Structures are given as C-alpha cells and as structure tokens.
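One file, input_16.pdb, carrying PDB, N, CA and C atoms and all ligand atoms:
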MODEL        1
ATOM      1  N   MET Y   1      83.322  99.320  52.902  1.00  0.00           N
ATOM      2  CA  MET Y   1      82.524  99.477  51.688  1.00  0.00           C
ATOM      3  C   MET Y   1      82.967  98.471  50.636  1.00  0.00           C
ATOM      4  N   GLY Y   2      82.022  97.756  50.072  1.00  0.00           N
ATOM      5  CA  GLY Y   2      82.329  96.782  49.044  1.00  0.00           C
ATOM      6  C   GLY Y   2      81.705  97.158  47.722  1.00  0.00           C
ATOM      7  N   ALA Y   3      81.489  96.180  46.900  1.00  0.00           N
ATOM      8  CA  ALA Y   3      80.882  96.424  45.600  1.00  0.00           C
ATOM      9  C   ALA Y   3      79.441  96.884  45.778  1.00  0.00           C
ATOM     10  N   CYS Y   4      79.016  97.792  44.918  1.00  0.00           N
ATOM     11  CA  CYS Y   4      77.642  98.285  44.969  1.00  0.00           C
ATOM     12  C   CYS Y   4      76.674  97.183  44.553  1.00  0.00           C
ATOM     13  N   ALA Y   5      75.649  96.984  45.366  1.00  0.00           N
ATOM     14  CA  ALA Y   5      74.641  95.970  45.057  1.00  0.00           C
ATOM     15  C   ALA Y   5      73.351  96.597  44.543  1.00  0.00           C
ATOM     16  N   CYS Y   6      73.182  97.899  44.736  1.00  0.00           N
ATOM     17  CA  CYS Y   6      71.927  98.530  44.328  1.00  0.00           C
ATOM     18  C   CYS Y   6      71.927  98.934  42.856  1.00  0.00           C
ATOM     19  N   GLY Y   7      73.131  99.100  42.303  1.00  0.00           N
ATOM     20  CA  GLY Y   7      73.237  99.450  40.887  1.00  0.00           C
ATOM     21  C   GLY Y   7      73.216 100.940  40.599  1.00  0.00           C
ATOM     22  N   TYR Y   8      73.131 101.768  41.638  1.00  0.00           N
ATOM     23  CA  TYR Y   8      73.012 103.213  41.421  1.00  0.00           C
ATOM     24  C   TYR Y   8      74.221 104.004  41.904  1.00  0.00           C
ATOM     25  N   THR Y   9      75.291 103.320  42.263  1.00  0.00           N
ATOM     26  CA  THR Y   9      76.452 104.050  42.763  1.00  0.00           C
ATOM     27  C   THR Y   9      76.978 105.054  41.743  1.00  0.00           C
ATOM     28  N   THR Y  10      77.509 106.148  42.260  1.00  0.00           N
ATOM     29  CA  THR Y  10      78.111 107.145  41.375  1.00  0.00           C
ATOM     30  C   THR Y  10      79.618 106.953  41.343  1.00  0.00           C
ATOM     31  N   ASP Y  11      80.102 105.919  42.017  1.00  0.00           N
ATOM     32  CA  ASP Y  11      81.531 105.635  42.046  1.00  0.00           C
ATOM     33  C   ASP Y  11      81.982 105.025  40.724  1.00  0.00           C
ATOM     34  N   PRO Y  12      83.077 105.532  40.147  1.00  0.00           N
ATOM     35  CA  PRO Y  12      83.542 105.021  38.847  1.00  0.00           C
ATOM     36  C   PRO Y  12      83.935 103.549  38.898  1.00  0.00           C
ATOM     37  N   ASP Y  13      84.352 103.060  40.066  1.00  0.00           N
ATOM     38  CA  ASP Y  13      84.741 101.653  40.187  1.00  0.00           C
ATOM     39  C   ASP Y  13      83.592 100.764  40.638  1.00  0.00           C
ATOM     40  N   LYS Y  14      82.381 101.326  40.674  1.00  0.00           N
ATOM     41  CA  LYS Y  14      81.179 100.554  41.042  1.00  0.00           C
ATOM     42  C   LYS Y  14      81.221 100.021  42.468  1.00  0.00           C
ATOM     43  N   ASN Y  15      81.934 100.736  43.341  1.00  0.00           N
ATOM     44  CA  ASN Y  15      81.909 100.358  44.750  1.00  0.00           C
ATOM     45  C   ASN Y  15      80.772 101.105  45.432  1.00  0.00           C
ATOM     46  N   CYS Y  16      80.246 100.522  46.505  1.00  0.00           N
ATOM     47  CA  CYS Y  16      79.190 101.192  47.250  1.00  0.00           C
ATOM     48  C   CYS Y  16      79.754 102.464  47.863  1.00  0.00           C
ATOM     49  N   ASN Y  17      79.115 103.594  47.607  1.00  0.00           N
ATOM     50  CA  ASN Y  17      79.582 104.856  48.188  1.00  0.00           C
ATOM     51  C   ASN Y  17      78.448 105.572  48.922  1.00  0.00           C
ATOM     52  N   GLY Y  18      77.423 104.823  49.255  1.00  0.00           N
ATOM     53  CA  GLY Y  18      76.327 105.408  50.031  1.00  0.00           C
ATOM     54  C   GLY Y  18      75.166 105.892  49.186  1.00  0.00           C
ATOM     55  N   THR Y  19      75.288 105.825  47.880  1.00  0.00           N
ATOM     56  CA  THR Y  19      74.213 106.287  47.003  1.00  0.00           C
ATOM     57  C   THR Y  19      72.917 105.520  47.259  1.00  0.00           C
ATOM     58  N   HIS Y  20      73.040 104.273  47.720  1.00  0.00           N
ATOM     59  CA  HIS Y  20      71.833 103.474  47.974  1.00  0.00           C
ATOM     60  C   HIS Y  20      70.923 104.140  49.018  1.00  0.00           C
ATOM     61  N   ASN Y  21      71.516 104.917  49.905  1.00  0.00           N
ATOM     62  CA  ASN Y  21      70.684 105.628  50.889  1.00  0.00           C
ATOM     63  C   ASN Y  21      69.819 106.685  50.223  1.00  0.00           C
ATOM     64  N   VAL Y  22      70.370 107.344  49.211  1.00  0.00           N
ATOM     65  CA  VAL Y  22      69.620 108.354  48.466  1.00  0.00           C
ATOM     66  C   VAL Y  22      68.505 107.673  47.690  1.00  0.00           C
ATOM     67  N   VAL Y  23      68.842 106.559  47.055  1.00  0.00           N
ATOM     68  CA  VAL Y  23      67.858 105.805  46.277  1.00  0.00           C
ATOM     69  C   VAL Y  23      66.691 105.400  47.177  1.00  0.00           C
ATOM     70  N   LYS Y  24      67.026 104.923  48.358  1.00  0.00           N
ATOM     71  CA  LYS Y  24      66.014 104.488  49.312  1.00  0.00           C
ATOM     72  C   LYS Y  24      65.112 105.659  49.711  1.00  0.00           C
ATOM     73  N   ALA Y  25      65.711 106.792  49.975  1.00  0.00           N
ATOM     74  CA  ALA Y  25      64.958 107.978  50.404  1.00  0.00           C
ATOM     75  C   ALA Y  25      64.039 108.471  49.288  1.00  0.00           C
ATOM     76  N   VAL Y  26      64.554 108.496  48.075  1.00  0.00           N
ATOM     77  CA  VAL Y  26      63.754 108.968  46.940  1.00  0.00           C
ATOM     78  C   VAL Y  26      62.581 108.026  46.704  1.00  0.00           C
ATOM     79  N   LYS Y  27      62.851 106.734  46.815  1.00  0.00           N
ATOM     80  CA  LYS Y  27      61.806 105.735  46.603  1.00  0.00           C
ATOM     81  C   LYS Y  27      60.703 105.878  47.660  1.00  0.00           C
ATOM     82  N   ALA Y  28      61.092 106.059  48.902  1.00  0.00           N
ATOM     83  CA  ALA Y  28      60.115 106.210  49.978  1.00  0.00           C
ATOM     84  C   ALA Y  28      59.272 107.465  49.749  1.00  0.00           C
ATOM     85  N   ASP Y  29      59.927 108.513  49.275  1.00  0.00           N
ATOM     86  CA  ASP Y  29      59.234 109.771  49.011  1.00  0.00           C
ATOM     87  C   ASP Y  29      58.227 109.605  47.872  1.00  0.00           C
ATOM     88  N   LEU Y  30      58.658 108.907  46.816  1.00  0.00           N
ATOM     89  CA  LEU Y  30      57.776 108.648  45.680  1.00  0.00           C
ATOM     90  C   LEU Y  30      56.563 107.837  46.104  1.00  0.00           C
ATOM     91  N   ILE Y  31      56.811 106.795  46.896  1.00  0.00           N
ATOM     92  CA  ILE Y  31      55.726 105.940  47.359  1.00  0.00           C
ATOM     93  C   ILE Y  31      54.722 106.754  48.170  1.00  0.00           C
ATOM     94  N   ALA Y  32      55.224 107.617  49.042  1.00  0.00           N
ATOM     95  CA  ALA Y  32      54.336 108.439  49.863  1.00  0.00           C
ATOM     96  C   ALA Y  32      53.476 109.355  48.985  1.00  0.00           C
ATOM     97  N   LYS Y  33      54.101 109.940  47.964  1.00  0.00           N
ATOM     98  CA  LYS Y  33      53.358 110.855  47.099  1.00  0.00           C
ATOM     99  C   LYS Y  33      52.332 110.111  46.249  1.00  0.00           C
ATOM    100  N   LEU Y  34      52.700 108.925  45.767  1.00  0.00           N
ATOM    101  CA  LEU Y  34      51.773 108.131  44.960  1.00  0.00           C
ATOM    102  C   LEU Y  34      50.607 107.648  45.822  1.00  0.00           C
ATOM    103  N   GLU Y  35      50.921 107.270  47.053  1.00  0.00           N
ATOM    104  CA  GLU Y  35      49.872 106.821  47.969  1.00  0.00           C
ATOM    105  C   GLU Y  35      48.894 107.966  48.223  1.00  0.00           C
ATOM    106  N   ALA Y  36      49.432 109.148  48.424  1.00  0.00           N
ATOM    107  CA  ALA Y  36      48.588 110.321  48.676  1.00  0.00           C
ATOM    108  C   ALA Y  36      47.703 110.629  47.474  1.00  0.00           C
ATOM    109  N   GLY Y  37      48.205 110.300  46.279  1.00  0.00           N
ATOM    110  CA  GLY Y  37      47.452 110.573  45.066  1.00  0.00           C
ATOM    111  C   GLY Y  37      46.515 109.445  44.680  1.00  0.00           C
ATOM    112  N   GLY Y  38      46.562 108.352  45.428  1.00  0.00           N
ATOM    113  CA  GLY Y  38      45.675 107.229  45.159  1.00  0.00           C
ATOM    114  C   GLY Y  38      46.133 106.306  44.050  1.00  0.00           C
ATOM    115  N   PHE Y  39      47.420 106.358  43.707  1.00  0.00           N
ATOM    116  CA  PHE Y  39      47.951 105.490  42.653  1.00  0.00           C
ATOM    117  C   PHE Y  39      48.401 104.150  43.244  1.00  0.00           C
ATOM    118  N   ASP Y  40      47.444 103.394  43.720  1.00  0.00           N
ATOM    119  CA  ASP Y  40      47.757 102.160  44.434  1.00  0.00           C
ATOM    120  C   ASP Y  40      48.533 101.136  43.600  1.00  0.00           C
ATOM    121  N   ASP Y  41      48.192 101.019  42.328  1.00  0.00           N
ATOM    122  CA  ASP Y  41      48.898 100.066  41.471  1.00  0.00           C
ATOM    123  C   ASP Y  41      50.381 100.430  41.365  1.00  0.00           C
ATOM    124  N   ALA Y  42      50.644 101.715  41.181  1.00  0.00           N
ATOM    125  CA  ALA Y  42      52.028 102.176  41.053  1.00  0.00           C
ATOM    126  C   ALA Y  42      52.777 101.959  42.372  1.00  0.00           C
ATOM    127  N   VAL Y  43      52.096 102.175  43.484  1.00  0.00           N
ATOM    128  CA  VAL Y  43      52.710 101.976  44.794  1.00  0.00           C
ATOM    129  C   VAL Y  43      53.123 100.531  44.967  1.00  0.00           C
ATOM    130  N   LEU Y  44      52.221  99.624  44.638  1.00  0.00           N
ATOM    131  CA  LEU Y  44      52.508  98.186  44.748  1.00  0.00           C
ATOM    132  C   LEU Y  44      53.708  97.827  43.886  1.00  0.00           C
ATOM    133  N   HIS Y  45      53.711  98.333  42.670  1.00  0.00           N
ATOM    134  CA  HIS Y  45      54.790  98.032  41.748  1.00  0.00           C
ATOM    135  C   HIS Y  45      56.132  98.508  42.297  1.00  0.00           C
ATOM    136  N   LEU Y  46      56.157  99.724  42.842  1.00  0.00           N
ATOM    137  CA  LEU Y  46      57.402 100.265  43.395  1.00  0.00           C
ATOM    138  C   LEU Y  46      57.868  99.469  44.601  1.00  0.00           C
ATOM    139  N   LYS Y  47      56.921  99.063  45.424  1.00  0.00           N
ATOM    140  CA  LYS Y  47      57.286  98.326  46.636  1.00  0.00           C
ATOM    141  C   LYS Y  47      57.844  96.943  46.323  1.00  0.00           C
ATOM    142  N   ASN Y  48      57.380  96.363  45.196  1.00  0.00           N
ATOM    143  CA  ASN Y  48      57.808  95.015  44.852  1.00  0.00           C
ATOM    144  C   ASN Y  48      59.027  94.965  43.945  1.00  0.00           C
ATOM    145  N   ASN Y  49      59.514  96.139  43.545  1.00  0.00           N
ATOM    146  CA  ASN Y  49      60.656  96.135  42.638  1.00  0.00           C
ATOM    147  C   ASN Y  49      61.805  96.987  43.167  1.00  0.00           C
TER
HETATM  148  S1  LIG Y 101      74.828  99.393  47.400  1.00  0.00           S
HETATM  149 FE1  LIG Y 101      74.816 100.748  45.737  1.00  0.00          FE
HETATM  150  S2  LIG Y 101      75.607 102.565  46.585  1.00  0.00           S
HETATM  151 FE2  LIG Y 101      75.538 101.212  48.248  1.00  0.00          FE
ENDMDL
END

Go ahead and express the file in the form of structure tokens.
Ligand code: FES
Amino acid sequence: MGACACGYTTDPDKNCNGTHNVVKAVKADLIAKLEAGGFDDAVLHLKNN
C-alpha cells in the first residue's frame, strides 16, 4: 500500500487503505440509479470525472 491517489482515504497519513474501492462502488451505484432515472447529463458528468 502506498500513498492514496483517489483522495478519499480515511487514513490519517493519507496512505491508500482500500477506501478507493468503496468510492468506486458508490460511484457505480450512483451512475446506475441516475441512468435508471434518465439523468443522462449527470451520468456523463460522473463518468468523466
Ligand atoms: S487510492 Fe485512495 S484509498 Fe486507495
């Protein structure tokens, strides 16, 4: 494990502690829900950022 690159680590020393996996899962879930709701612009924005 090295330095966190995603920016969302909960580690006090800013090392990667696996939080990026949670971020990824939440993002995928959000995208799925927005897609289901027809918020295509928001989906595109999330996918590109
Ligand atoms: S890269 Fe940020 S927690 Fe892994």

Inset, instruction - Using only C-alpha atoms, give me every residue within 12 Å of (71.4, 103.3, 42.0) in file coordinates, as a PyMOL selection string. - result: chain Y and resi 4-11+14-27

List the neighbours of Ala42 of chain Y out to 8 Å using only N, CA and C atoms; skip same-chain residues closer than 5 positions along the sequence, and give me the result as a short mmCIF file (atom, residue, chain, number, x, y, z; two decimals) with N, CA and C atoms, in the coordinates of the input.
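File result.cif, as written:
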data_model
loop_
_atom_site.label_atom_id
_atom_site.label_comp_id
_atom_site.auth_asym_id
_atom_site.auth_seq_id
_atom_site.Cartn_x
_atom_site.Cartn_y
_atom_site.Cartn_z
N LEU Y 30 58.66 108.91 46.82
CA LEU Y 30 57.78 108.65 45.68
C LEU Y 30 56.56 107.84 46.10
N ILE Y 31 56.81 106.80 46.90
CA ILE Y 31 55.73 105.94 47.36
C ILE Y 31 54.72 106.75 48.17
N LEU Y 34 52.70 108.92 45.77
CA LEU Y 34 51.77 108.13 44.96
C LEU Y 34 50.61 107.65 45.82
N GLU Y 35 50.92 107.27 47.05
CA GLU Y 35 49.87 106.82 47.97
C GLU Y 35 48.89 107.97 48.22
N LYS Y 47 56.92 99.06 45.42
CA LYS Y 47 57.29 98.33 46.64
C LYS Y 47 57.84 96.94 46.32
N ASN Y 48 57.38 96.36 45.20
CA ASN Y 48 57.81 95.02 44.85
C ASN Y 48 59.03 94.96 43.94
#

Legend entry - Residue list (helix (DSSP H, G or I), DSSP) for chain Y, as a PyMOL selection string: chain Y and resi 19-37+40-48

Could those residues be written to a file, using N, CA and C atoms, as a PDB file, keeping the file's coordinate frame?
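That gives us part_13.pdb:
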ATOM      1  N   THR Y  19      75.288 105.825  47.880  1.00  0.00           N
ATOM      2  CA  THR Y  19      74.213 106.287  47.003  1.00  0.00           C
ATOM      3  C   THR Y  19      72.917 105.520  47.259  1.00  0.00           C
ATOM      4  N   HIS Y  20      73.040 104.273  47.720  1.00  0.00           N
ATOM      5  CA  HIS Y  20      71.833 103.474  47.974  1.00  0.00           C
ATOM      6  C   HIS Y  20      70.923 104.140  49.018  1.00  0.00           C
ATOM      7  N   ASN Y  21      71.516 104.917  49.905  1.00  0.00           N
ATOM      8  CA  ASN Y  21      70.684 105.628  50.889  1.00  0.00           C
ATOM      9  C   ASN Y  21      69.819 106.685  50.223  1.00  0.00           C
ATOM     10  N   VAL Y  22      70.370 107.344  49.211  1.00  0.00           N
ATOM     11  CA  VAL Y  22      69.620 108.354  48.466  1.00  0.00           C
ATOM     12  C   VAL Y  22      68.505 107.673  47.690  1.00  0.00           C
ATOM     13  N   VAL Y  23      68.842 106.559  47.055  1.00  0.00           N
ATOM     14  CA  VAL Y  23      67.858 105.805  46.277  1.00  0.00           C
ATOM     15  C   VAL Y  23      66.691 105.400  47.177  1.00  0.00           C
ATOM     16  N   LYS Y  24      67.026 104.923  48.358  1.00  0.00           N
ATOM     17  CA  LYS Y  24      66.014 104.488  49.312  1.00  0.00           C
ATOM     18  C   LYS Y  24      65.112 105.659  49.711  1.00  0.00           C
ATOM     19  N   ALA Y  25      65.711 106.792  49.975  1.00  0.00           N
ATOM     20  CA  ALA Y  25      64.958 107.978  50.404  1.00  0.00           C
ATOM     21  C   ALA Y  25      64.039 108.471  49.288  1.00  0.00           C
ATOM     22  N   VAL Y  26      64.554 108.496  48.075  1.00  0.00           N
ATOM     23  CA  VAL Y  26      63.754 108.968  46.940  1.00  0.00           C
ATOM     24  C   VAL Y  26      62.581 108.026  46.704  1.00  0.00           C
ATOM     25  N   LYS Y  27      62.851 106.734  46.815  1.00  0.00           N
ATOM     26  CA  LYS Y  27      61.806 105.735  46.603  1.00  0.00           C
ATOM     27  C   LYS Y  27      60.703 105.878  47.660  1.00  0.00           C
ATOM     28  N   ALA Y  28      61.092 106.059  48.902  1.00  0.00           N
ATOM     29  CA  ALA Y  28      60.115 106.210  49.978  1.00  0.00           C
ATOM     30  C   ALA Y  28      59.272 107.465  49.749  1.00  0.00           C
ATOM     31  N   ASP Y  29      59.927 108.513  49.275  1.00  0.00           N
ATOM     32  CA  ASP Y  29      59.234 109.771  49.011  1.00  0.00           C
ATOM     33  C   ASP Y  29      58.227 109.605  47.872  1.00  0.00           C
ATOM     34  N   LEU Y  30      58.658 108.907  46.816  1.00  0.00           N
ATOM     35  CA  LEU Y  30      57.776 108.648  45.680  1.00  0.00           C
ATOM     36  C   LEU Y  30      56.563 107.837  46.104  1.00  0.00           C
ATOM     37  N   ILE Y  31      56.811 106.795  46.896  1.00  0.00           N
ATOM     38  CA  ILE Y  31      55.726 105.940  47.359  1.00  0.00           C
ATOM     39  C   ILE Y  31      54.722 106.754  48.170  1.00  0.00           C
ATOM     40  N   ALA Y  32      55.224 107.617  49.042  1.00  0.00           N
ATOM     41  CA  ALA Y  32      54.336 108.439  49.863  1.00  0.00           C
ATOM     42  C   ALA Y  32      53.476 109.355  48.985  1.00  0.00           C
ATOM     43  N   LYS Y  33      54.101 109.940  47.964  1.00  0.00           N
ATOM     44  CA  LYS Y  33      53.358 110.855  47.099  1.00  0.00           C
ATOM     45  C   LYS Y  33      52.332 110.111  46.249  1.00  0.00           C
ATOM     46  N   LEU Y  34      52.700 108.925  45.767  1.00  0.00           N
ATOM     47  CA  LEU Y  34      51.773 108.131  44.960  1.00  0.00           C
ATOM     48  C   LEU Y  34      50.607 107.648  45.822  1.00  0.00           C
ATOM     49  N   GLU Y  35      50.921 107.270  47.053  1.00  0.00           N
ATOM     50  CA  GLU Y  35      49.872 106.821  47.969  1.00  0.00           C
ATOM     51  C   GLU Y  35      48.894 107.966  48.223  1.00  0.00           C
ATOM     52  N   ALA Y  36      49.432 109.148  48.424  1.00  0.00           N
ATOM     53  CA  ALA Y  36      48.588 110.321  48.676  1.00  0.00           C
ATOM     54  C   ALA Y  36      47.703 110.629  47.474  1.00  0.00           C
ATOM     55  N   GLY Y  37      48.205 110.300  46.279  1.00  0.00           N
ATOM     56  CA  GLY Y  37      47.452 110.573  45.066  1.00  0.00           C
ATOM     57  C   GLY Y  37      46.515 109.445  44.680  1.00  0.00           C
ATOM     58  N   ASP Y  40      47.444 103.394  43.720  1.00  0.00           N
ATOM     59  CA  ASP Y  40      47.757 102.160  44.434  1.00  0.00           C
ATOM     60  C   ASP Y  40      48.533 101.136  43.600  1.00  0.00           C
ATOM     61  N   ASP Y  41      48.192 101.019  42.328  1.00  0.00           N
ATOM     62  CA  ASP Y  41      48.898 100.066  41.471  1.00  0.00           C
ATOM     63  C   ASP Y  41      50.381 100.430  41.365  1.00  0.00           C
ATOM     64  N   ALA Y  42      50.644 101.715  41.181  1.00  0.00           N
ATOM     65  CA  ALA Y  42      52.028 102.176  41.053  1.00  0.00           C
ATOM     66  C   ALA Y  42      52.777 101.959  42.372  1.00  0.00           C
ATOM     67  N   VAL Y  43      52.096 102.175  43.484  1.00  0.00           N
ATOM     68  CA  VAL Y  43      52.710 101.976  44.794  1.00  0.00           C
ATOM     69  C   VAL Y  43      53.123 100.531  44.967  1.00  0.00           C
ATOM     70  N   LEU Y  44      52.221  99.624  44.638  1.00  0.00           N
ATOM     71  CA  LEU Y  44      52.508  98.186  44.748  1.00  0.00           C
ATOM     72  C   LEU Y  44      53.708  97.827  43.886  1.00  0.00           C
ATOM     73  N   HIS Y  45      53.711  98.333  42.670  1.00  0.00           N
ATOM     74  CA  HIS Y  45      54.790  98.032  41.748  1.00  0.00           C
ATOM     75  C   HIS Y  45      56.132  98.508  42.297  1.00  0.00           C
ATOM     76  N   LEU Y  46      56.157  99.724  42.842  1.00  0.00           N
ATOM     77  CA  LEU Y  46      57.402 100.265  43.395  1.00  0.00           C
ATOM     78  C   LEU Y  46      57.868  99.469  44.601  1.00  0.00           C
ATOM     79  N   LYS Y  47      56.921  99.063  45.424  1.00  0.00           N
ATOM     80  CA  LYS Y  47      57.286  98.326  46.636  1.00  0.00           C
ATOM     81  C   LYS Y  47      57.844  96.943  46.323  1.00  0.00           C
ATOM     82  N   ASN Y  48      57.380  96.363  45.196  1.00  0.00           N
ATOM     83  CA  ASN Y  48      57.808  95.015  44.852  1.00  0.00           C
ATOM     84  C   ASN Y  48      59.027  94.965  43.945  1.00  0.00           C
TER      85      ASN Y  48
END

Listed atoms of ligand LIG 101 (chain Y), axis-aligned box, 6 Å per side: centre and edge lengths to one decimal in Å, as JSON?
{"center_x": 75.2, "center_y": 101.0, "center_z": 47.0, "size_x": 12.8, "size_y": 15.2, "size_z": 14.5}

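Closest approach to ligand LIG 101 (chain Y) among Y:Ala3, Y:Ala28, Y:Ala36, Y:Leu44 is made by Y:Ala3 (distances from all atoms listed in the file).
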
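For the pair atom C of Leu46 of chain Y and atom CA of Gly2 of chain Y, the interatomic distance is 25.0 Å.
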
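Interatomic distance, atom N of His45 of chain Y against atom FE1 of ligand LIG 101 (chain Y): 21.5 Å.
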